[in-house]
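To start, the structure under review is shown below, and the notes come after it.
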Amino acid sequence: MEFTVLDNGYGLATIYSFFDNTLLTIQLWERMIQMLNDNEIPGLIIDMRQNGGGSGFLADQMAAYSFDEELTLGNTGFYDPDSADFFFDPRSEGVFYLPRRVFATAARSPCWSGRTAPVRANSSRTT
């Protein structure tokens, strides 16, 4: 991941992969969000055109910094031929782990509330 502030005042984060060390990547992401907030950067461009994929969990947790409420990300359903219906196990729901203030005296929330423009390449790959 790389980050810079462009001449127009907007932030640019380039995310090449979600394969890197999860803790380190989140720490770098948090540092970027803190800098954006502290410097009142009006918007962030997230460039993933060169992203080769990786951990969906890491991508989800980075996205969580744009939300201030818990969200269910998804669940896997299995078709049960006996009931002719799908079964969704609530224990397998994906969730955001929302960022939180580490210290009660923290001036700002660790969340990003500015404008965001994700950029990704069109892809014919399916997963």
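Residues are named by chain letter and number: chains run A, B, ... in the order of the structure tokens, numbers start at 1 in each chain, and ligands are numbered from 1 in the order shown.
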
- Would you kindly return, as a ChimeraX atom specification, each protein, DNA or RNA residue with an atom no farther than 12 Å from any atom of A:Tyr65, considering only C-alpha atoms and excluding same-chain residues fewer than 4 positions away? /A:26-27,29-34,37,58-61,69-70,96-101,109-114,116

Would you save the residues of that selection, restricted to C-alpha atoms, as a PDB file, in the first residue's frame?
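Contents of again-v6.pdb, freshly written:
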```
ATOM      1  CA  ILE A  26      -4.323  -2.150   9.167  1.00  0.00           C
ATOM      2  CA  GLN A  27      -1.806  -0.070  11.136  1.00  0.00           C
ATOM      3  CA  TRP A  29      -4.365   2.185   6.933  1.00  0.00           C
ATOM      4  CA  GLU A  30      -5.161   3.673  10.356  1.00  0.00           C
ATOM      5  CA  ARG A  31      -2.171   6.011  10.129  1.00  0.00           C
ATOM      6  CA  MET A  32      -3.398   7.196   6.717  1.00  0.00           C
ATOM      7  CA  ILE A  33      -6.960   7.748   8.000  1.00  0.00           C
ATOM      8  CA  GLN A  34      -5.601   9.687  11.000  1.00  0.00           C
ATOM      9  CA  ASN A  37      -8.678  13.512   9.333  1.00  0.00           C
ATOM     10  CA  LEU A  58      -8.368  -7.717   5.210  1.00  0.00           C
ATOM     11  CA  ALA A  59     -10.264  -5.851   2.487  1.00  0.00           C
ATOM     12  CA  ASP A  60     -13.430  -5.918   4.612  1.00  0.00           C
ATOM     13  CA  GLN A  61     -11.650  -4.566   7.654  1.00  0.00           C
ATOM     14  CA  GLU A  69     -22.213   1.026  12.559  1.00  0.00           C
ATOM     15  CA  GLU A  70     -21.920  -2.727  12.423  1.00  0.00           C
ATOM     16  CA  PHE A  96     -17.018  -5.554  10.027  1.00  0.00           C
ATOM     17  CA  TYR A  97     -14.842  -5.124  13.083  1.00  0.00           C
ATOM     18  CA  LEU A  98     -15.409  -1.430  13.538  1.00  0.00           C
ATOM     19  CA  PRO A  99     -12.449   0.754  14.453  1.00  0.00           C
ATOM     20  CA  ARG A 100     -12.637   2.395  17.845  1.00  0.00           C
ATOM     21  CA  ARG A 101     -10.850   5.041  19.789  1.00  0.00           C
ATOM     22  CA  SER A 109     -12.968   8.933  15.643  1.00  0.00           C
ATOM     23  CA  PRO A 110     -10.607   6.664  13.707  1.00  0.00           C
ATOM     24  CA  CYS A 111     -13.240   6.482  10.948  1.00  0.00           C
ATOM     25  CA  TRP A 112     -13.012   8.246   7.604  1.00  0.00           C
ATOM     26  CA  SER A 113     -16.007  10.440   6.861  1.00  0.00           C
ATOM     27  CA  GLY A 114     -14.730  12.212   3.754  1.00  0.00           C
ATOM     28  CA  THR A 116     -14.173   8.268  -1.346  1.00  0.00           C
TER      29      THR A 116
END
```

- helix (DSSP H, G or I) residues, from DSSP on the backbone, in chain A, as a ChimeraX atom specification: /A:22-38,56-66,90-92

- Message: Applying 10 Å and only C-alpha atoms, which residues near A:Gly53 remain after dropping the ones on its own chain fewer than 2 positions away? List them as a PyMOL selection string.
- Response: chain A and resi 15-19+48+50-51+55-56+59

- Of the listed residues A:Asp20, A:Phe3, A:Gly74, A:Tyr10, that which approaches A:Glu40 most closely, counting only C-alpha atoms: A:Tyr10

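Minimum atom-to-atom distance to A:Ile46, evaluated using only C-alpha atoms, belongs to A:Leu12 out of A:Leu12, A:Leu28, A:Val95, A:Met62.
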
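Our summary of the geometry notes that atom CA of A:Asp68 is positioned 17.5 Å from atom CA of A:Leu44.
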
- Message: I need the residues in chain A that are strand (DSSP E or B) according to DSSP; give them as a PyMOL selection string.
- Response: chain A and resi 2-5+11-14+18+43-47+54+72-74+77-80+85-88+94-95+115-119

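One distance worth recording is that between atom CA of A:Phe67 and atom CA of A:Ala13, which is 17.9 Å.
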
- Message: Rounded to one decimal, what separation in Å do you get between atom CA of A:Gly94 and atom CA of A:Leu73?
- Response: 5.0 Å
